[in-house]
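Dumped start-v4.pdb below, it's PDB, C-alpha atoms:
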```
ATOM      1  CA  MET A   1      41.294  35.181 -95.640
ATOM      2  CA  ARG A   2      44.862  36.398 -95.174
ATOM      3  CA  LYS A   3      43.616  39.994 -94.885
ATOM      4  CA  PHE A   4      41.151  38.912 -92.186
ATOM      5  CA  LEU A   5      43.922  37.176 -90.210
ATOM      6  CA  VAL A   6      46.138  40.256 -90.411
ATOM      7  CA  MET A   7      43.307  42.454 -89.131
ATOM      8  CA  LEU A   8      42.569  39.967 -86.351
ATOM      9  CA  PHE A   9      46.248  39.955 -85.361
ATOM     10  CA  LEU A  10      46.284  43.748 -85.237
ATOM     11  CA  LEU A  11      43.096  43.768 -83.171
ATOM     12  CA  VAL A  12      44.648  41.367 -80.641
ATOM     13  CA  LEU A  13      47.626  43.693 -80.357
ATOM     14  CA  LEU A  14      45.439  46.754 -79.876
ATOM     15  CA  VAL A  15      43.234  45.291 -77.114
ATOM     16  CA  PRO A  16      45.995  44.972 -74.490
ATOM     17  CA  MET A  17      47.321  48.385 -75.540
ATOM     18  CA  THR A  18      43.871  49.874 -74.903
ATOM     19  CA  VAL A  19      43.578  48.139 -71.548
ATOM     20  CA  PHE A  20      47.086  49.270 -70.595
ATOM     21  CA  SER A  21      46.241  52.816 -71.593
ATOM     22  CA  ALA A  22      43.145  52.802 -69.349
ATOM     23  CA  GLY A  23      45.110  51.361 -66.468
ATOM     24  CA  GLN A  24      47.804  53.944 -66.935
ATOM     25  CA  GLN A  25      45.255  56.720 -66.854
ATOM     26  CA  ASP A  26      43.900  55.437 -63.550
ATOM     27  CA  GLY A  27      47.464  55.122 -62.325
ATOM     28  CA  ASP A  28      48.007  58.808 -63.108
ATOM     29  CA  LYS A  29      45.921  59.698 -60.065
ATOM     30  CA  THR A  30      47.956  60.955 -57.136
ATOM     31  CA  THR A  31      47.573  58.759 -54.079
ATOM     32  CA  ILE A  32      47.147  60.532 -50.737
ATOM     33  CA  VAL A  33      48.156  58.234 -47.866
ATOM     34  CA  PHE A  34      46.465  58.849 -44.523
ATOM     35  CA  GLY A  35      48.013  57.649 -41.270
ATOM     36  CA  ASP A  36      45.258  55.362 -39.949
ATOM     37  CA  ASN A  37      45.892  55.401 -36.206
ATOM     38  CA  SER A  38      44.108  52.861 -34.052
ATOM     39  CA  TRP A  39      41.410  55.081 -32.527
ATOM     40  CA  ASP A  40      37.968  55.777 -33.982
ATOM     41  CA  SER A  41      37.908  59.555 -34.386
ATOM     42  CA  VAL A  42      41.016  59.790 -36.564
ATOM     43  CA  GLN A  43      39.812  56.918 -38.750
ATOM     44  CA  VAL A  44      36.526  58.748 -39.305
ATOM     45  CA  HIS A  45      38.323  62.021 -40.111
ATOM     46  CA  ASN A  46      40.539  60.174 -42.577
ATOM     47  CA  ARG A  47      37.499  58.893 -44.437
ATOM     48  CA  ILE A  48      35.665  62.215 -44.339
ATOM     49  CA  ALA A  49      38.679  63.920 -45.891
ATOM     50  CA  ALA A  50      39.255  61.061 -48.342
ATOM     51  CA  PHE A  51      35.644  61.149 -49.574
ATOM     52  CA  ILE A  52      35.862  64.873 -50.219
ATOM     53  CA  ILE A  53      39.248  64.562 -51.934
ATOM     54  CA  GLU A  54      38.251  61.635 -54.170
ATOM     55  CA  ASN A  55      34.844  63.025 -55.144
ATOM     56  CA  GLY A  56      35.277  66.794 -54.973
ATOM     57  CA  PHE A  57      38.744  67.216 -56.467
ATOM     58  CA  GLU A  58      40.296  65.943 -59.689
ATOM     59  CA  GLY A  59      43.100  63.419 -59.961
ATOM     60  CA  TYR A  60      43.353  61.964 -56.458
ATOM     61  CA  LYS A  61      42.713  58.689 -54.697
ATOM     62  CA  ALA A  62      43.117  57.861 -51.009
ATOM     63  CA  ASP A  63      44.878  55.068 -49.196
ATOM     64  CA  TYR A  64      45.372  54.282 -45.513
ATOM     65  CA  MET A  65      48.392  53.104 -43.539
ATOM     66  CA  PRO A  66      47.420  51.477 -40.217
ATOM     67  CA  GLY A  67      49.648  51.875 -37.186
ATOM     68  CA  ASP A  68      50.239  53.659 -33.893
ATOM     69  CA  THR A  69      51.294  57.193 -33.061
ATOM     70  CA  ILE A  70      55.073  57.120 -33.120
ATOM     71  CA  PRO A  71      55.615  54.758 -36.089
ATOM     72  CA  LEU A  72      53.094  56.682 -38.188
ATOM     73  CA  PHE A  73      54.659  60.023 -37.267
ATOM     74  CA  ARG A  74      58.026  58.689 -38.397
ATOM     75  CA  GLY A  75      56.320  57.610 -41.622
ATOM     76  CA  LEU A  76      55.028  61.172 -42.008
ATOM     77  CA  VAL A  77      58.557  62.546 -41.626
ATOM     78  CA  GLN A  78      59.925  60.062 -44.171
ATOM     79  CA  GLY A  79      57.126  60.631 -46.687
ATOM     80  CA  ASP A  80      55.540  57.173 -46.431
ATOM     81  CA  VAL A  81      52.497  58.915 -44.916
ATOM     82  CA  ASP A  82      51.106  62.089 -46.474
ATOM     83  CA  VAL A  83      48.492  63.221 -43.946
ATOM     84  CA  ASN A  84      47.954  62.989 -40.190
ATOM     85  CA  MET A  85      44.439  64.196 -39.383
ATOM     86  CA  GLU A  86      44.903  64.122 -35.569
ATOM     87  CA  SER A  87      48.444  64.891 -34.475
ATOM     88  CA  TRP A  88      48.017  64.869 -30.650
ATOM     89  CA  HIS A  89      51.587  66.125 -30.917
ATOM     90  CA  SER A  90      51.777  67.543 -27.396
ATOM     91  CA  ASN A  91      52.222  63.879 -26.403
ATOM     92  CA  ILE A  92      55.232  63.508 -28.721
ATOM     93  CA  MET A  93      56.612  67.045 -28.694
ATOM     94  CA  GLU A  94      60.272  66.089 -29.141
ATOM     95  CA  ILE A  95      59.842  64.214 -32.424
ATOM     96  CA  TYR A  96      57.150  66.661 -33.582
ATOM     97  CA  THR A  97      59.542  69.587 -33.074
ATOM     98  CA  LYS A  98      62.307  67.798 -34.978
ATOM     99  CA  GLY A  99      59.937  67.078 -37.860
ATOM    100  CA  ILE A 100      58.763  70.694 -38.042
ATOM    101  CA  GLN A 101      62.251  72.176 -37.726
ATOM    102  CA  SER A 102      63.617  69.889 -40.446
ATOM    103  CA  GLY A 103      60.858  71.058 -42.789
ATOM    104  CA  ASP A 104      59.749  67.474 -43.448
ATOM    105  CA  VAL A 105      56.448  68.032 -41.618
ATOM    106  CA  VAL A 106      54.089  70.982 -42.154
ATOM    107  CA  ASP A 107      51.477  71.888 -39.529
ATOM    108  CA  LEU A 108      48.211  73.053 -41.140
ATOM    109  CA  GLY A 109      46.481  74.031 -37.890
ATOM    110  CA  GLN A 110      43.864  72.646 -35.550
ATOM    111  CA  ASN A 111      41.422  69.909 -36.402
ATOM    112  CA  MET A 112      39.663  70.513 -33.077
ATOM    113  CA  PRO A 113      40.283  72.638 -29.968
ATOM    114  CA  ASP A 114      42.287  71.281 -27.047
ATOM    115  CA  ALA A 115      41.048  67.834 -26.011
ATOM    116  CA  PRO A 116      41.129  66.561 -22.393
ATOM    117  CA  GLN A 117      43.383  63.686 -21.368
ATOM    118  CA  GLY A 118      44.297  62.203 -18.014
ATOM    119  CA  TRP A 119      43.678  59.411 -15.520
ATOM    120  CA  TRP A 120      40.035  58.719 -14.767
ATOM    121  CA  VAL A 121      38.010  56.784 -12.184
ATOM    122  CA  PRO A 122      34.256  56.016 -12.120
ATOM    123  CA  ARG A 123      32.229  58.616 -10.235
ATOM    124  CA  TYR A 124      30.455  55.893  -8.249
ATOM    125  CA  LEU A 125      33.823  55.004  -6.760
ATOM    126  CA  VAL A 126      34.516  58.427  -5.273
ATOM    127  CA  GLU A 127      31.121  60.062  -4.784
ATOM    128  CA  GLY A 128      27.795  59.039  -3.293
ATOM    129  CA  PRO A 129      26.681  56.949  -0.302
ATOM    130  CA  ASP A 130      28.231  53.729  -1.656
ATOM    131  CA  ALA A 131      31.575  55.267  -2.671
ATOM    132  CA  LYS A 132      34.474  52.957  -1.768
ATOM    133  CA  ALA A 133      37.069  55.708  -2.085
ATOM    134  CA  PRO A 134      35.399  58.977  -1.026
ATOM    135  CA  ASN A 135      38.749  60.622  -0.287
ATOM    136  CA  LEU A 136      40.297  59.770  -3.655
ATOM    137  CA  LYS A 137      40.521  63.169  -5.284
ATOM    138  CA  SER A 138      44.044  63.355  -6.621
ATOM    139  CA  ILE A 139      46.721  61.168  -8.136
ATOM    140  CA  SER A 140      48.654  61.704  -4.893
ATOM    141  CA  ASP A 141      45.882  59.849  -3.003
ATOM    142  CA  LEU A 142      46.304  56.650  -5.018
ATOM    143  CA  PRO A 143      48.912  54.889  -2.823
ATOM    144  CA  GLN A 144      46.414  54.431   0.018
ATOM    145  CA  TYR A 145      43.949  52.714  -2.342
ATOM    146  CA  ALA A 146      46.225  50.124  -3.951
ATOM    147  CA  ASP A 147      44.196  47.258  -2.446
ATOM    148  CA  LEU A 148      41.055  48.635  -4.046
ATOM    149  CA  PHE A 149      42.603  48.487  -7.538
ATOM    150  CA  ALA A 150      44.151  45.029  -7.025
ATOM    151  CA  ASP A 151      46.099  43.657  -9.989
ATOM    152  CA  PRO A 152      44.546  40.238 -10.782
ATOM    153  CA  GLU A 153      47.976  38.940 -11.828
ATOM    154  CA  ASP A 154      49.888  40.374  -8.862
ATOM    155  CA  LYS A 155      47.851  40.601  -5.662
ATOM    156  CA  SER A 156      50.656  42.453  -3.890
ATOM    157  CA  LYS A 157      49.997  45.599  -5.925
ATOM    158  CA  GLY A 158      47.239  47.570  -7.554
ATOM    159  CA  ILE A 159      46.985  48.263 -11.285
ATOM    160  CA  ILE A 160      46.617  51.531 -13.162
ATOM    161  CA  TYR A 161      46.053  51.355 -16.906
ATOM    162  CA  GLY A 162      48.719  53.726 -18.158
ATOM    163  CA  GLY A 163      47.817  53.524 -21.832
ATOM    164  CA  VAL A 164      48.510  51.735 -25.087
ATOM    165  CA  ALA A 165      51.839  50.342 -26.287
ATOM    166  CA  GLY A 166      53.175  52.534 -29.099
ATOM    167  CA  TRP A 167      51.174  55.628 -28.103
ATOM    168  CA  GLY A 168      53.167  58.727 -27.240
ATOM    169  CA  GLN A 169      51.059  59.431 -24.144
ATOM    170  CA  LEU A 170      52.482  56.368 -22.411
ATOM    171  CA  GLU A 171      55.648  58.303 -21.556
ATOM    172  CA  ILE A 172      53.539  60.840 -19.642
ATOM    173  CA  SER A 173      51.848  58.084 -17.630
ATOM    174  CA  GLU A 174      55.276  56.642 -16.860
ATOM    175  CA  ALA A 175      56.390  60.084 -15.655
ATOM    176  CA  PHE A 176      53.376  60.238 -13.311
ATOM    177  CA  PHE A 177      54.375  56.857 -11.876
ATOM    178  CA  LYS A 178      57.865  58.128 -11.083
ATOM    179  CA  LYS A 179      56.803  61.552  -9.826
ATOM    180  CA  TYR A 180      54.352  60.128  -7.291
ATOM    181  CA  GLY A 181      56.308  56.979  -6.420
ATOM    182  CA  LEU A 182      53.519  54.737  -7.577
ATOM    183  CA  GLU A 183      55.882  51.876  -8.540
ATOM    184  CA  GLU A 184      55.931  50.825  -4.883
ATOM    185  CA  THR A 185      52.192  50.135  -4.729
ATOM    186  CA  TYR A 186      51.034  49.739  -8.340
ATOM    187  CA  ASN A 187      51.836  47.986 -11.579
ATOM    188  CA  MET A 188      51.252  49.855 -14.822
ATOM    189  CA  GLY A 189      48.805  48.146 -17.159
ATOM    190  CA  ILE A 190      49.924  48.574 -20.774
ATOM    191  CA  VAL A 191      47.493  47.212 -23.343
ATOM    192  CA  GLY A 192      47.887  46.441 -27.019
ATOM    193  CA  SER A 193      45.161  48.677 -28.464
ATOM    194  CA  GLY A 194      42.680  51.418 -27.710
ATOM    195  CA  SER A 195      39.820  48.926 -27.950
ATOM    196  CA  VAL A 196      41.353  46.757 -25.212
ATOM    197  CA  LEU A 197      41.801  49.830 -23.009
ATOM    198  CA  ALA A 198      38.164  50.797 -23.581
ATOM    199  CA  ALA A 199      36.971  47.259 -22.843
ATOM    200  CA  SER A 200      38.788  47.237 -19.505
ATOM    201  CA  MET A 201      37.045  50.456 -18.469
ATOM    202  CA  VAL A 202      33.590  49.467 -19.700
ATOM    203  CA  GLY A 203      33.861  45.964 -18.213
ATOM    204  CA  ALA A 204      34.687  47.357 -14.768
ATOM    205  CA  TYR A 205      32.018  50.063 -15.026
ATOM    206  CA  GLU A 206      29.242  47.635 -15.892
ATOM    207  CA  LYS A 207      30.111  45.576 -12.794
ATOM    208  CA  LYS A 208      30.489  48.678 -10.601
ATOM    209  CA  GLU A 209      34.083  47.666  -9.920
ATOM    210  CA  PRO A 210      37.106  49.937  -9.325
ATOM    211  CA  TRP A 211      39.070  51.105 -12.367
ATOM    212  CA  CYS A 212      41.753  53.728 -12.839
ATOM    213  CA  GLY A 213      43.606  54.616 -15.990
ATOM    214  CA  TYR A 214      44.334  56.843 -18.943
ATOM    215  CA  TYR A 215      41.667  57.986 -21.374
ATOM    216  CA  TRP A 216      40.866  60.965 -23.556
ATOM    217  CA  ALA A 217      38.081  62.867 -25.272
ATOM    218  CA  PRO A 218      36.428  63.086 -27.691
ATOM    219  CA  THR A 219      35.337  59.473 -27.323
ATOM    220  CA  PRO A 220      31.918  57.803 -27.121
ATOM    221  CA  ILE A 221      32.940  56.180 -23.829
ATOM    222  CA  LEU A 222      33.593  59.399 -21.901
ATOM    223  CA  GLY A 223      30.416  60.757 -23.444
ATOM    224  CA  THR A 224      28.480  57.768 -22.038
ATOM    225  CA  LEU A 225      30.166  56.731 -18.776
ATOM    226  CA  ASP A 226      30.237  59.043 -15.754
ATOM    227  CA  MET A 227      33.978  59.288 -15.091
ATOM    228  CA  VAL A 228      36.020  61.727 -12.978
ATOM    229  CA  ARG A 229      39.518  62.902 -13.904
ATOM    230  CA  LEU A 230      41.937  62.761 -10.961
ATOM    231  CA  LYS A 231      43.614  66.023  -9.999
ATOM    232  CA  GLY A 232      47.286  66.076 -10.828
ATOM    233  CA  SER A 233      46.855  63.614 -13.666
ATOM    234  CA  GLU A 234      45.761  66.176 -16.220
ATOM    235  CA  PHE A 235      47.932  66.120 -19.304
ATOM    236  CA  GLU A 236      48.903  69.383 -20.930
ATOM    237  CA  PRO A 237      46.023  70.448 -23.193
ATOM    238  CA  ALA A 238      46.246  68.199 -26.227
ATOM    239  CA  LEU A 239      47.098  69.823 -29.539
ATOM    240  CA  VAL A 240      45.040  68.023 -32.164
ATOM    241  CA  ASN A 241      46.298  69.426 -35.460
ATOM    242  CA  ILE A 242      46.440  68.330 -39.091
ATOM    243  CA  LEU A 243      49.956  67.614 -40.324
ATOM    244  CA  VAL A 244      51.235  66.798 -43.812
ATOM    245  CA  ASN A 245      54.507  65.714 -45.335
ATOM    246  CA  LYS A 246      56.283  68.538 -47.182
ATOM    247  CA  SER A 247      55.734  66.762 -50.528
ATOM    248  CA  MET A 248      52.023  67.598 -50.306
ATOM    249  CA  LEU A 249      52.787  71.265 -50.934
ATOM    250  CA  VAL A 250      53.927  70.335 -54.449
ATOM    251  CA  LYS A 251      51.921  67.260 -55.404
ATOM    252  CA  ALA A 252      48.547  68.310 -53.962
ATOM    253  CA  PRO A 253      48.431  72.052 -53.195
ATOM    254  CA  ASP A 254      44.634  72.214 -53.580
ATOM    255  CA  VAL A 255      44.256  69.394 -51.035
ATOM    256  CA  VAL A 256      46.562  71.285 -48.667
ATOM    257  CA  GLU A 257      44.310  74.356 -48.897
ATOM    258  CA  PHE A 258      41.284  72.183 -48.152
ATOM    259  CA  LEU A 259      43.004  70.632 -45.110
ATOM    260  CA  LYS A 260      43.967  74.078 -43.831
ATOM    261  CA  ALA A 261      40.260  74.929 -43.724
ATOM    262  CA  TYR A 262      39.254  71.601 -42.140
ATOM    263  CA  ALA A 263      38.103  72.225 -38.555
ATOM    264  CA  THR A 264      35.748  70.518 -36.111
ATOM    265  CA  SER A 265      34.919  70.687 -32.398
ATOM    266  CA  VAL A 266      35.005  68.242 -29.495
ATOM    267  CA  ALA A 267      31.187  68.369 -29.441
ATOM    268  CA  VAL A 268      30.921  67.430 -33.132
ATOM    269  CA  ASN A 269      33.371  64.587 -32.634
ATOM    270  CA  ASN A 270      31.498  63.287 -29.602
ATOM    271  CA  GLU A 271      28.282  63.353 -31.635
ATOM    272  CA  PHE A 272      29.506  61.273 -34.558
ATOM    273  CA  LEU A 273      31.409  58.900 -32.265
ATOM    274  CA  ALA A 274      28.289  58.327 -30.162
ATOM    275  CA  LYS A 275      26.347  57.636 -33.372
ATOM    276  CA  MET A 276      29.073  55.261 -34.530
ATOM    277  CA  ASP A 277      28.901  53.367 -31.240
ATOM    278  CA  ALA A 278      25.093  53.250 -31.065
ATOM    279  CA  GLU A 279      24.686  52.052 -34.663
ATOM    280  CA  ASP A 280      27.749  49.763 -34.599
ATOM    281  CA  TRP A 281      29.065  51.465 -37.738
ATOM    282  CA  ASP A 282      32.565  51.309 -39.159
ATOM    283  CA  ALA A 283      34.591  54.443 -39.903
ATOM    284  CA  GLN A 284      33.391  54.682 -43.525
ATOM    285  CA  GLN A 285      29.704  54.505 -42.572
ATOM    286  CA  THR A 286      30.237  57.131 -39.885
ATOM    287  CA  ALA A 287      32.042  59.437 -42.313
ATOM    288  CA  GLU A 288      29.184  59.153 -44.792
ATOM    289  CA  TRP A 289      26.649  59.925 -42.038
ATOM    290  CA  PHE A 290      28.673  62.991 -41.071
ATOM    291  CA  LEU A 291      28.845  64.248 -44.652
ATOM    292  CA  LYS A 292      25.114  63.753 -45.162
ATOM    293  CA  ASN A 293      24.050  65.284 -41.854
ATOM    294  CA  LYS A 294      26.656  67.945 -41.134
ATOM    295  CA  GLU A 295      26.706  70.007 -44.312
ATOM    296  CA  ASP A 296      26.796  73.152 -42.194
ATOM    297  CA  VAL A 297      30.220  72.027 -40.948
ATOM    298  CA  TRP A 298      32.060  70.571 -43.946
ATOM    299  CA  THR A 299      30.781  72.856 -46.706
ATOM    300  CA  LYS A 300      32.741  75.685 -45.041
ATOM    301  CA  TRP A 301      35.971  73.858 -45.876
ATOM    302  CA  VAL A 302      35.529  73.769 -49.653
ATOM    303  CA  SER A 303      34.369  75.803 -52.642
ATOM    304  CA  ALA A 304      30.783  75.642 -53.894
ATOM    305  CA  ASP A 305      31.944  73.602 -56.899
ATOM    306  CA  VAL A 306      33.645  70.973 -54.724
ATOM    307  CA  SER A 307      30.661  70.951 -52.381
ATOM    308  CA  GLU A 308      28.238  70.160 -55.214
ATOM    309  CA  LYS A 309      30.416  67.302 -56.479
ATOM    310  CA  VAL A 310      30.607  65.776 -53.002
ATOM    311  CA  LYS A 311      26.826  66.089 -52.515
ATOM    312  CA  ALA A 312      26.257  64.376 -55.865
ATOM    313  CA  ALA A 313      28.523  61.500 -54.825
ATOM    314  CA  LEU A 314      26.680  61.159 -51.529
ATOM    315  CA  ALA A 315      23.324  61.081 -53.318
ATOM    316  CA  SER A 316      24.483  58.091 -55.360
ATOM    317  CA  LEU A 317      25.323  55.961 -52.323
TER     318      LEU A 317
END
```
This structure in C-alpha cells:
Amino acid sequence: MRKFLVMLFLLVLLVPMTVFSAGQQDGDKTTIVFGDNSWDSVQVHNRIAAFIIENGFEGYKADYMPGDTIPLFRGLVQGDVDVNMESWHSNIMEIYTKGIQSGDVVDLGQNMPDAPQGWWVPRYLVEGPDAKAPNLKSISDLPQYADLFADPEDKSKGIIYGGVAGWGQLEISEAFFKKYGLEETYNMGIVGSGSVLAASMVGAYEKKEPWCGYYWAPTPILGTLDMVRLKGSEFEPALVNILVNKSMLVKAPDVVEFLKAYATSVAVNNEFLAKMDAEDWDAQQTAEWFLKNKEDVWTKWVSADVSEKVKAALASL
C-alpha cells in the first residue's frame, strides 16, 4: 500500500511537469506581431502573411496589434510591432526617414505599386445633365461651392472630409486647406475611423447628395462608386511598402526573405476587397479565399516546400 502511495505521489508530481513542458514547447515559438491598421486591405495582408508563416514555416506564431498609422509606426520603431504590411510612408515621410536612418526600421520593398489618393466627388455632381457643380474641376474651384457641401452642424460653411484622426494623410489635407484658403468657406470633417469615412461617402452617394473628401485605392468603395478625383488634390504617389523592425533580421530571417518576395498589385487588392465586401467576410475569411484562389500570386513568394505545407493547411479548413 505504501509503495502504491509513493508511486501515486510521484505520478502527481510528474503530471504538472509534463503539462509545463508542453506549454514551454509551445511558448518556444517566436511571435511575429503585425501592425493591424484600421483599414481592410492591410488587415487582409496581415492574415495572408500570418497564415503562410504559421503553416509554411517552423517555429512561428502570429499576433496582431490594432491601431492607427502613426502610433503603430512608433511601435514598429520601438520593437513592439514586428511587421507593417502597408507602410503608406509617403504620408508620414518625416518619421519614416528617422526610423530608416536610425536603423530601427528596415524597408523590404513594395507590397503594391503606387496607390492613388486625393479628394474625390461623385461624378453625378460634376458631369451629366443633372450635375449641380459642372464647373467643379479642381480643388481651387471649391470656395464657390461651399453652399452645396453645407456642414449640417454649421450652416455658415461647407464641409470637406479631410480624413481620419491618427492617420498620417490628415496633415496633407490640412495643408490643402491652408494652401487654398479653404478655412474661410469650409470646415474640415475629421472622423474616428475609416469605416465612418466610407459610410459618409456611401450614404451621400446612395441619396445622390453632394460629398467631397479624402479617399484612396485600392478599396472596394472606389471600385464600386463612380467618383472623380479633383485636380490639385492629388497626393504624391503613395509608397505602399513592407517594413519590419530590425530585430526581425535576427529572430526570423526566413520570414524576412519571404516578406521581401511578397508583392501584389492594385488590381489584385481591388479584387479581394470587392469579394470581401460582397460576401460580408472578415479579414481572415478573405485571406483564406485569396490563398485558395490566387495560388499563381502567392506561390511565387515561397519555396515549393513551404507552398505544399500551406496548401495542406488550406485543404484542412
Which residues are near range 259-270 of chain A? Cut-off 6 Å, all atoms listed in the file, ignore same chain within fewer than 4 positions. Put them as a PyMOL selection string. chain A and resi 108+111-112+218-219+274+301
Report as a list in words all protein, DNA and RNA residues lying within 12 Å of Leu249 in chain A, evaluated on only C-alpha atoms, omitting residues in the same chain fewer than 3 positions from it.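 What passes the distance filter is Asp82, Val83, Gly103, Asp104, Val105, Val106, Asp107, Leu108, Leu243, Val244, Asn245, Lys246, Ala252, Pro253, Asp254, Val255, Val256, Glu257, Phe258, Leu259 and Lys260 of chain A.
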Would you mind reading off the distance between CA of Ser247 in chain A and CA of Val81 in chain A, one decimal, in Å? 10.2 Å
Would you list the contacts of Gln285 in chain A as an MDAnalysis selection string, taking every protein, DNA or RNA residue within 9 Å and counting only C-alpha atoms, but skipping same-chain residues closer than 4 positions in sequence? chainID A and resid 44 276 281 289:290
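Picked by the PyMOL selection byres ((chain A and resi 58) around 12) from the coordinates shown: Asp26, Asp28, Lys29, Thr30, Thr31, Ile52, Ile53, Glu54, Asn55, Gly56, Phe57, Gly59, Tyr60, Lys61, Ala252, Asp254, Val255, Asp305, Val306, Lys309 and Val310 of chain A.
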Can you sort out range 151-175 of chain A so it carries N, CA and C atoms, written as a compact mmCIF listing (two decimals), in the frame of the given file?
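Resulting contents of rebuild.txt:
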```
# COMPACT_ATOMS: atom_id res chain seq x y z
N ASP A 151 45.69 44.25 -8.72
CA ASP A 151 46.10 43.66 -9.99
C ASP A 151 45.77 42.16 -9.94
N PRO A 152 44.92 41.66 -10.83
CA PRO A 152 44.55 40.24 -10.78
C PRO A 152 45.72 39.29 -10.98
N GLU A 153 46.81 39.80 -11.58
CA GLU A 153 47.98 38.94 -11.83
C GLU A 153 49.09 39.15 -10.79
N ASP A 154 48.89 40.11 -9.91
CA ASP A 154 49.89 40.37 -8.86
C ASP A 154 49.16 40.99 -7.67
N LYS A 155 48.68 40.15 -6.77
CA LYS A 155 47.85 40.60 -5.66
C LYS A 155 48.58 41.53 -4.70
N SER A 156 49.90 41.61 -4.80
CA SER A 156 50.66 42.45 -3.89
C SER A 156 50.58 43.93 -4.27
N LYS A 157 50.06 44.22 -5.46
CA LYS A 157 50.00 45.60 -5.92
C LYS A 157 48.66 45.88 -6.62
N GLY A 158 48.38 47.16 -6.76
CA GLY A 158 47.24 47.57 -7.55
C GLY A 158 47.65 47.71 -9.01
N ILE A 159 46.68 48.06 -9.87
CA ILE A 159 46.98 48.26 -11.28
C ILE A 159 46.33 49.54 -11.78
N ILE A 160 47.11 50.33 -12.49
CA ILE A 160 46.62 51.53 -13.16
C ILE A 160 46.90 51.35 -14.64
N TYR A 161 45.88 51.53 -15.46
CA TYR A 161 46.05 51.36 -16.91
C TYR A 161 46.68 52.63 -17.49
N GLY A 162 47.97 52.55 -17.74
CA GLY A 162 48.72 53.73 -18.16
C GLY A 162 48.51 54.12 -19.60
N GLY A 163 48.05 53.18 -20.44
CA GLY A 163 47.82 53.52 -21.83
C GLY A 163 48.11 52.37 -22.77
N VAL A 164 48.37 52.70 -24.01
CA VAL A 164 48.51 51.74 -25.09
C VAL A 164 49.95 51.70 -25.59
N ALA A 165 50.48 50.51 -25.76
CA ALA A 165 51.84 50.34 -26.29
C ALA A 165 51.95 51.02 -27.65
N GLY A 166 52.98 51.84 -27.83
CA GLY A 166 53.18 52.53 -29.10
C GLY A 166 52.57 53.92 -29.15
N TRP A 167 51.75 54.29 -28.15
CA TRP A 167 51.17 55.63 -28.10
C TRP A 167 52.12 56.56 -27.36
N GLY A 168 52.26 57.77 -27.85
CA GLY A 168 53.17 58.73 -27.24
C GLY A 168 52.79 59.09 -25.82
N GLN A 169 51.49 59.04 -25.48
CA GLN A 169 51.06 59.43 -24.14
C GLN A 169 51.59 58.53 -23.04
N LEU A 170 52.02 57.33 -23.41
CA LEU A 170 52.48 56.37 -22.41
C LEU A 170 53.66 56.92 -21.61
N GLU A 171 54.51 57.71 -22.26
CA GLU A 171 55.65 58.30 -21.56
C GLU A 171 55.19 59.25 -20.44
N ILE A 172 54.06 59.92 -20.65
CA ILE A 172 53.54 60.84 -19.64
C ILE A 172 53.01 60.06 -18.45
N SER A 173 52.31 58.94 -18.72
CA SER A 173 51.85 58.08 -17.63
C SER A 173 53.03 57.53 -16.84
N GLU A 174 54.08 57.15 -17.53
CA GLU A 174 55.28 56.64 -16.86
C GLU A 174 55.90 57.72 -15.98
N ALA A 175 55.86 58.97 -16.45
CA ALA A 175 56.39 60.08 -15.66
C ALA A 175 55.56 60.30 -14.40
```
